[in-house]
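Next comes protein_17.pdb, with PDB, C-alpha atoms.
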```pdb
ATOM      1  CA  MET A  29       3.452  -0.236   2.783
ATOM      2  CA  THR A  30       2.316   1.790  -0.083
ATOM      3  CA  ARG A  31      -1.194   1.019  -1.227
ATOM      4  CA  VAL A  32      -1.855  -1.329  -4.164
ATOM      5  CA  GLY A  33      -0.941   0.423  -7.409
ATOM      6  CA  ALA A  34       0.688   3.302  -5.580
ATOM      7  CA  VAL A  35       3.894   4.579  -7.145
ATOM      8  CA  ALA A  36       7.010   4.499  -5.006
ATOM      9  CA  LYS A  37      10.673   5.069  -5.515
ATOM     10  CA  ARG A  38      12.674   1.854  -5.538
ATOM     11  CA  PRO A  39      12.923   0.731  -1.898
ATOM     12  CA  ALA A  40      16.151   0.705   0.035
ATOM     13  CA  ALA A  41      17.775  -2.533   1.122
ATOM     14  CA  PHE A  42      15.714  -2.544   4.298
ATOM     15  CA  ALA A  43      12.357  -0.999   3.503
ATOM     16  CA  PHE A  44       9.678  -0.459   6.111
ATOM     17  CA  VAL A  45       5.973  -0.884   5.721
ATOM     18  CA  VAL A  46       3.972   2.298   5.393
ATOM     19  CA  LEU A  47       0.874   1.854   7.501
ATOM     20  CA  ALA A  48      -2.091   2.420   5.242
ATOM     21  CA  ALA A  49      -4.852   1.634   7.695
ATOM     22  CA  CYS A  50      -7.573   4.261   7.644
ATOM     23  CA  SER A  51     -10.051   5.117  10.332
ATOM     24  CA  CYS A  52     -13.550   6.399   9.643
ATOM     25  CA  ALA A  53     -13.063   8.863  12.454
ATOM     26  CA  GLY A  54     -11.931  12.392  11.787
ATOM     27  CA  GLY A  55     -14.203  13.062   8.820
ATOM     28  CA  LYS A  56     -12.330  10.872   6.326
ATOM     29  CA  GLU A  57     -15.438   9.272   4.835
ATOM     30  CA  HIS A  58     -14.951  11.393   1.712
ATOM     31  CA  LEU A  59     -11.861   9.351   0.777
ATOM     32  CA  GLY A  60     -13.995   6.427  -0.364
ATOM     33  CA  ARG A  61     -16.203   8.656  -2.488
ATOM     34  CA  ASP A  62     -13.186  10.412  -3.949
ATOM     35  CA  ALA A  63     -11.764   7.051  -5.064
ATOM     36  CA  LEU A  64     -14.902   6.339  -7.115
ATOM     37  CA  SER A  65     -15.198   9.756  -8.705
ATOM     38  CA  HIS A  66     -13.920  10.532 -12.222
ATOM     39  CA  LEU A  67     -13.524   6.859 -13.158
ATOM     40  CA  SER A  68     -11.401   5.884 -16.162
ATOM     41  CA  ALA A  69     -12.778   3.542 -18.833
ATOM     42  CA  ARG A  70     -10.746   0.669 -17.350
ATOM     43  CA  GLU A  71     -12.118   1.343 -13.884
ATOM     44  CA  ARG A  72     -15.706   1.511 -15.154
ATOM     45  CA  GLN A  73     -15.343  -1.797 -16.962
ATOM     46  CA  ALA A  74     -13.812  -3.556 -13.949
ATOM     47  CA  LEU A  75     -16.430  -2.161 -11.573
ATOM     48  CA  ALA A  76     -19.401  -2.984 -13.793
ATOM     49  CA  ASP A  77     -20.338  -5.974 -11.609
ATOM     50  CA  GLU A  78     -19.178  -4.218  -8.409
ATOM     51  CA  ARG A  79     -16.732  -7.041  -7.736
ATOM     52  CA  ILE A  80     -12.959  -6.959  -8.232
ATOM     53  CA  THR A  81     -11.082 -10.237  -8.609
ATOM     54  CA  PHE A  82      -7.373 -10.789  -8.103
ATOM     55  CA  GLY A  83      -6.979 -11.059 -11.875
ATOM     56  CA  GLU A  84      -8.670  -7.709 -12.448
ATOM     57  CA  ASP A  85      -6.488  -6.100  -9.810
ATOM     58  CA  GLU A  86      -3.327  -7.587 -11.319
ATOM     59  CA  SER A  87      -4.400  -6.444 -14.794
ATOM     60  CA  ALA A  88      -4.886  -2.901 -13.487
ATOM     61  CA  VAL A  89      -1.438  -2.967 -11.903
ATOM     62  CA  ARG A  90       0.084  -4.193 -15.183
ATOM     63  CA  ALA A  91      -1.623  -1.302 -16.975
ATOM     64  CA  GLN A  92      -0.067   1.097 -14.482
ATOM     65  CA  VAL A  93       3.356  -0.437 -15.091
ATOM     66  CA  GLY A  94       2.899   0.024 -18.842
ATOM     67  CA  CYS A  95       1.928   3.642 -18.293
ATOM     68  CA  LEU A  96       5.012   4.224 -16.141
ATOM     69  CA  ARG A  97       7.328   2.628 -18.674
ATOM     70  CA  GLY A  98       5.915   5.004 -21.254
ATOM     71  CA  LEU A  99       7.431   7.797 -19.159
ATOM     72  CA  ASP A 100      10.927   6.461 -19.869
ATOM     73  CA  VAL A 101      11.662   5.482 -16.271
ATOM     74  CA  THR A 102      13.054   2.197 -14.970
ATOM     75  CA  VAL A 103      10.176   0.165 -13.529
ATOM     76  CA  ASP A 104      10.540  -3.004 -11.483
ATOM     77  CA  GLU A 105       8.184  -5.922 -11.971
ATOM     78  CA  PRO A 106       5.234  -5.626  -9.557
ATOM     79  CA  GLN A 107       5.837  -7.530  -6.339
ATOM     80  CA  LEU A 108       3.007  -9.178  -4.412
ATOM     81  CA  SER A 109       3.302  -8.242  -0.756
ATOM     82  CA  ASP A 110       2.311 -10.303   2.263
ATOM     83  CA  ASP A 111      -0.890  -8.266   2.574
ATOM     84  CA  GLY A 112      -2.004  -9.343  -0.896
ATOM     85  CA  THR A 113      -1.330  -5.981  -2.532
ATOM     86  CA  PHE A 114       1.129  -5.151  -5.296
ATOM     87  CA  GLN A 115       4.104  -2.851  -4.857
ATOM     88  CA  ILE A 116       5.656  -1.017  -7.807
ATOM     89  CA  GLY A 117       9.143   0.413  -7.589
ATOM     90  CA  TRP A 118      10.506   2.815 -10.187
ATOM     91  CA  ASP A 119      13.646   4.829 -10.641
ATOM     92  CA  THR A 120      14.895   7.691 -12.791
ATOM     93  CA  SER A 121      18.011   9.770 -13.208
ATOM     94  CA  ALA A 122      15.936  12.920 -13.720
ATOM     95  CA  GLY A 123      16.313  15.706 -11.207
ATOM     96  CA  GLY A 124      14.851  19.085 -10.394
ATOM     97  CA  ALA A 125      11.910  20.153 -12.546
ATOM     98  CA  GLY A 126      12.199  17.004 -14.653
ATOM     99  CA  PHE A 127      11.701  14.835 -11.596
ATOM    100  CA  GLU A 128       8.715  16.876 -10.449
ATOM    101  CA  ARG A 129       7.165  16.478 -13.904
ATOM    102  CA  LEU A 130       7.687  12.721 -13.753
ATOM    103  CA  LEU A 131       6.042  12.561 -10.334
ATOM    104  CA  ALA A 132       2.961  14.326 -11.677
ATOM    105  CA  GLU A 133       2.768  12.049 -14.717
ATOM    106  CA  ALA A 134       3.318   8.936 -12.575
ATOM    107  CA  GLU A 135       0.450  10.046 -10.359
ATOM    108  CA  ARG A 136      -1.820  10.135 -13.407
ATOM    109  CA  CYS A 137      -0.767   6.543 -14.195
ATOM    110  CA  SER A 138      -1.898   5.583 -10.709
ATOM    111  CA  GLU A 139      -5.145   7.534 -10.891
ATOM    112  CA  SER A 140      -6.308   5.585 -13.949
ATOM    113  CA  VAL A 141      -6.535   2.339 -11.951
ATOM    114  CA  ARG A 142      -6.810   3.519  -8.335
ATOM    115  CA  ALA A 143     -10.493   2.646  -7.929
ATOM    116  CA  VAL A 144      -9.851  -0.969  -8.966
ATOM    117  CA  THR A 145      -7.223  -1.328  -6.285
ATOM    118  CA  ALA A 146      -9.308   0.412  -3.635
ATOM    119  CA  VAL A 147     -12.306  -1.877  -4.182
ATOM    120  CA  TYR A 148     -10.093  -4.974  -4.256
ATOM    121  CA  VAL A 149      -8.691  -4.022  -0.846
ATOM    122  CA  LEU A 150     -12.229  -3.406   0.443
ATOM    123  CA  GLN A 151     -13.474  -6.805  -0.688
ATOM    124  CA  HIS A 152     -10.437  -8.800   0.450
ATOM    125  CA  ALA A 153      -9.463  -7.035   3.662
ATOM    126  CA  VAL A 154      -8.516  -8.994   6.755
ATOM    127  CA  SER A 155     -11.001  -9.045   9.623
ATOM    128  CA  ASP A 156     -10.591  -6.849  12.681
ATOM    129  CA  GLU A 157      -9.669  -9.952  14.678
ATOM    130  CA  GLU A 158      -7.003 -10.960  12.156
ATOM    131  CA  ARG A 159      -5.647  -7.413  12.205
ATOM    132  CA  ARG A 160      -5.347  -7.400  15.995
ATOM    133  CA  GLU A 161      -3.664 -10.811  15.971
ATOM    134  CA  GLY A 162      -1.140  -9.639  13.386
ATOM    135  CA  GLN A 163      -0.399  -6.465  15.312
ATOM    136  CA  ASP A 164       0.052  -8.443  18.530
ATOM    137  CA  SER A 165       2.380 -10.875  16.751
ATOM    138  CA  PHE A 166       4.452  -7.937  15.495
ATOM    139  CA  ARG A 167       4.737  -6.516  19.012
ATOM    140  CA  ASP A 168       5.790  -9.917  20.376
ATOM    141  CA  CYS A 169       8.338 -10.270  17.578
ATOM    142  CA  VAL A 170      10.059  -6.917  18.104
ATOM    143  CA  GLY A 171       9.910  -7.447  21.867
ATOM    144  CA  GLU A 172      11.874 -10.664  21.439
ATOM    145  CA  LEU A 173      14.451  -8.683  19.446
ATOM    146  CA  GLY A 174      14.920  -6.425  22.457
ATOM    147  CA  LEU A 175      12.976  -3.298  21.487
ATOM    148  CA  PRO A 176      11.859  -1.458  24.636
ATOM    149  CA  GLY A 177       8.203  -0.508  24.989
ATOM    150  CA  ALA A 178       7.061  -3.080  22.445
ATOM    151  CA  ASP A 179       3.732  -3.546  24.248
ATOM    152  CA  ASP A 180       2.856   0.154  24.433
ATOM    153  CA  ALA A 181       4.740   2.111  21.753
ATOM    154  CA  GLY A 182       3.072   3.103  18.487
ATOM    155  CA  PHE A 183       3.792   1.117  15.337
ATOM    156  CA  THR A 184       5.593   4.006  13.639
ATOM    157  CA  GLU A 185       7.844   4.427  16.674
ATOM    158  CA  LEU A 186       8.603   0.709  16.776
ATOM    159  CA  LEU A 187       9.365   0.582  13.040
ATOM    160  CA  ASP A 188      11.671   3.588  13.311
ATOM    161  CA  ASP A 189      13.467   2.028  16.277
ATOM    162  CA  LEU A 190      13.777  -1.276  14.441
ATOM    163  CA  ARG A 191      15.211   0.433  11.359
ATOM    164  CA  ASP A 192      17.727   2.410  13.411
ATOM    165  CA  ARG A 193      18.938  -0.746  15.167
ATOM    166  CA  VAL A 194      19.355  -2.581  11.855
ATOM    167  CA  VAL A 195      21.318   0.345  10.393
ATOM    168  CA  ALA A 196      23.480   0.457  13.534
ATOM    169  CA  GLY A 197      24.186  -3.271  13.261
ATOM    170  CA  GLN A 198      22.467  -4.066  16.568
ATOM    171  CA  ILE A 199      19.832  -6.315  14.958
ATOM    172  CA  ALA A 200      20.259  -8.502  11.882
ATOM    173  CA  ARG A 201      18.192  -7.615   8.832
ATOM    174  CA  GLU A 202      16.524 -11.023   8.449
ATOM    175  CA  PRO A 203      14.740 -11.237  11.839
ATOM    176  CA  ALA A 204      13.832  -7.552  11.598
ATOM    177  CA  THR A 205      12.275  -8.110   8.182
ATOM    178  CA  ALA A 206      10.372 -11.136   9.542
ATOM    179  CA  CYS A 207       8.843  -8.930  12.239
ATOM    180  CA  GLN A 208       8.002  -6.243   9.703
ATOM    181  CA  ASP A 209       6.255  -8.778   7.482
ATOM    182  CA  LEU A 210       3.890  -9.709  10.316
ATOM    183  CA  LEU A 211       2.665  -6.114  10.400
ATOM    184  CA  ARG A 212       2.709  -5.691   6.643
ATOM    185  CA  ALA A 213       0.298  -8.599   6.239
ATOM    186  CA  VAL A 214      -2.447  -6.811   8.192
ATOM    187  CA  SER A 215      -1.677  -3.137   7.642
ATOM    188  CA  VAL A 216      -3.847  -2.297   4.635
ATOM    189  CA  SER A 217      -7.414  -1.234   5.405
ATOM    190  CA  PRO A 218     -10.272  -0.164   3.124
ATOM    191  CA  LEU A 219     -10.784   3.532   2.558
ATOM    192  CA  PRO A 220     -13.421   4.921   4.906
ATOM    193  CA  GLY A 221     -16.748   5.446   3.183
ATOM    194  CA  LEU A 222     -15.815   3.251   0.226
ATOM    195  CA  ALA A 223     -18.356   0.499   0.917
ATOM    196  CA  GLU A 224     -21.192   3.022   0.991
ATOM    197  CA  ALA A 225     -19.908   4.774  -2.119
ATOM    198  CA  LEU A 226     -19.713   1.456  -3.982
ATOM    199  CA  ASP A 227     -23.312   0.615  -3.040
ATOM    200  CA  GLU A 228     -24.433   3.951  -4.499
ATOM    201  CA  LEU A 229     -22.250   3.776  -7.615
ATOM    202  CA  GLU A 230     -24.117   4.044 -10.909
ATOM    203  CA  LEU A 231     -22.264   3.072 -14.081
TER     204      LEU A 231
END
```
What's the structure tokens form of this structure?
Amino acid sequence: MTRVGAVAKRPAAFAFVVLAACSCAGGKEHLGRDALSHLSARERQALADERITFGEDESAVRAQVGCLRGLDVTVDEPQLSDDGTFQIGWDTSAGGAGFERLLAEAERCSESVRAVTAVYVLQHAVSDEERREGQDSFRDCVGELGLPGADDAGFTELLDDLRDRVVAGQIAREPATACQDLLRAVSVSPLPGLAEALDELEL
């Protein structure tokens, strides 16, 4: 799953979750601080009380959609995913250098509200226990569909295998999507270092 407010091309008929869980290991603590640097006016206003509500998050996503539509691309209505985050799909007929320009401009649309989304995820994330339960449910689900190694394989490997079997007609799309949704609901994690950066934020 792409992160809340992240820009993505319009998904295919059977889209797979992009695992966005972050670990504080590996020196990634800077990601949280990066998210709160160079704040836009909208981000500063939303973060003034250091608390992001669902309404503030949705408003930020709507602002991103408006920014994208100003680029003359086709933008879908934001969709609320099972994990509580919004997904935005957009499409364009531009190619080559024009497409690369649009990607850069779309990234700026995302950057203007990214901190709002990041803090919302931080403050509404599932617990570690809920995450483990969701991951176990996903493994049980794909195991029942006949995927080998469901108890031991990595999530990316299982998702790739599931997609290939759907494309090959070996597994129906509906039960595969149901399994995917179990993982999607617990796959977004706060950016490492974000909680500490928010505590130190001065507006």
- Message: Quick check on the file I pasted: which residues fall under the PyMOL selection byres ((chain A and resi 90) around 12)? Write them as number ranges by chain.
- Response: A: 32-33, 83-89, 91-97, 103-107, 114-116, 137-138, 140-141, 145
- Note on the structure: A straight line from atom CA of A:Cys207 to atom CA of A:Cys169 spans 5.5 Å
- Task: Would you please work out which residue, of A:Asp156, A:Leu99, A:Glu71, A:Asp180, is nearest to A:Glu135 when using only C-alpha atoms?
- Result: A:Leu99
- Task: In Å, rounded to a single decimal, give me how far atom CA of A:Val216 is from atom CA of A:Glu172.
- Result: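 Here the two named atoms are 24.5 Å from each other.
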- Message: Every residue with an atom at most 7 Å from (-9.1, 5.0, -10.2) (file coordinates; all atoms listed in the file) is what I'm after, so could you write them as JSON, numbers by chain?
- Response: {"A": [63, 64, 67, 68, 71, 139, 140, 141, 142, 143, 144]}
- Note on the structure: re atom CA of A:Val149 and atom CA of A:Leu190: distance 27.3 Å
- Query: Near A:Gly182, counting only C-alpha atoms, which residues have an atom at most 12 Å away, once you skip same-chain residues fewer than 5 positions from it, shown as a list in words?
  - Reply: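 Here the answer would be Leu47, Gln163, Asp164, Phe166, Arg167, Pro176, Gly177, Leu187, Asp188 and Asp189 of chain A.
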- Residue neighbourhood A:Val194, 8 Å, all atoms listed in the file, exclusion window fewer than 6 positions, as a PyMOL selection string: chain A and resi 200-201+204
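In this comparison, which uses only C-alpha atoms, the residue of A:Thr102, A:Gly117, A:Gly112, A:Leu150 approaching A:Phe82 most closely is A:Gly112.
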- Message: At a cut-off of 9 Å, using all atoms listed in the file, what residues contact A:Thr81? Leave out same-chain residues fewer than 6 positions from it and give the result as a PyMOL selection string.
- Response: chain A and resi 74+148+151
- Could you check which of A:Ala213, A:Ala76, A:Leu186, A:Leu131 is closest to A:Glu230, using only C-alpha atoms?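 Counting only C-alpha atoms, the residue closest to A:Glu230 is A:Ala76.
Of the listed residues A:Glu57, A:Glu78, A:Asp111, A:Glu202, the one whose atoms come nearest to A:Glu158 is A:Asp111, with distances taken using only C-alpha atoms.
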- Pick from A:Ala146, A:Ala181, A:Ile80, A:Leu231: nearest to A:Asp62, with all atoms listed in the file counted?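 Of A:Ala146, A:Ala181, A:Ile80, A:Leu231, the one nearest A:Asp62 is A:Ala146, counting all atoms listed in the file.
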Rebuild N, CA and C atoms on stretch 186-198 of chain A, as an mmCIF file, in the frame of the given file?
```
data_model
loop_
_atom_site.group_PDB
_atom_site.id
_atom_site.type_symbol
_atom_site.label_atom_id
_atom_site.label_comp_id
_atom_site.auth_asym_id
_atom_site.auth_seq_id
_atom_site.Cartn_x
_atom_site.Cartn_y
_atom_site.Cartn_z
ATOM 1 N N LEU A 186 7.924 2.001 16.752
ATOM 2 C CA LEU A 186 8.603 0.709 16.776
ATOM 3 C C LEU A 186 9.346 0.442 15.465
ATOM 4 N N LEU A 187 8.713 0.779 14.337
ATOM 5 C CA LEU A 187 9.365 0.582 13.040
ATOM 6 C C LEU A 187 10.598 1.455 12.906
ATOM 7 N N ASP A 188 10.514 2.689 13.365
ATOM 8 C CA ASP A 188 11.671 3.588 13.311
ATOM 9 C C ASP A 188 12.810 3.054 14.174
ATOM 10 N N ASP A 189 12.457 2.579 15.367
ATOM 11 C CA ASP A 189 13.467 2.028 16.277
ATOM 12 C C ASP A 189 14.108 0.783 15.663
ATOM 13 N N LEU A 190 13.268 -0.062 15.073
ATOM 14 C CA LEU A 190 13.777 -1.276 14.441
ATOM 15 C C LEU A 190 14.733 -0.937 13.305
ATOM 16 N N ARG A 191 14.350 0.026 12.470
ATOM 17 C CA ARG A 191 15.211 0.433 11.359
ATOM 18 C C ARG A 191 16.554 0.964 11.869
ATOM 19 N N ASP A 192 16.499 1.823 12.885
ATOM 20 C CA ASP A 192 17.727 2.410 13.411
ATOM 21 C C ASP A 192 18.668 1.334 13.950
ATOM 22 N N ARG A 193 18.108 0.319 14.594
ATOM 23 C CA ARG A 193 18.938 -0.746 15.167
ATOM 24 C C ARG A 193 19.542 -1.629 14.076
ATOM 25 N N VAL A 194 18.798 -1.824 12.977
ATOM 26 C CA VAL A 194 19.355 -2.581 11.855
ATOM 27 C C VAL A 194 20.507 -1.801 11.222
ATOM 28 N N VAL A 195 20.284 -0.502 10.993
ATOM 29 C CA VAL A 195 21.318 0.345 10.393
ATOM 30 C C VAL A 195 22.564 0.387 11.271
ATOM 31 N N ALA A 196 22.357 0.398 12.602
ATOM 32 C CA ALA A 196 23.480 0.457 13.534
ATOM 33 C C ALA A 196 24.154 -0.902 13.726
ATOM 34 N N GLY A 197 23.594 -1.948 13.138
ATOM 35 C CA GLY A 197 24.186 -3.271 13.261
ATOM 36 C C GLY A 197 23.845 -3.973 14.557
ATOM 37 N N GLN A 198 22.847 -3.460 15.290
ATOM 38 C CA GLN A 198 22.467 -4.066 16.568
ATOM 39 C C GLN A 198 21.507 -5.237 16.387
#
```
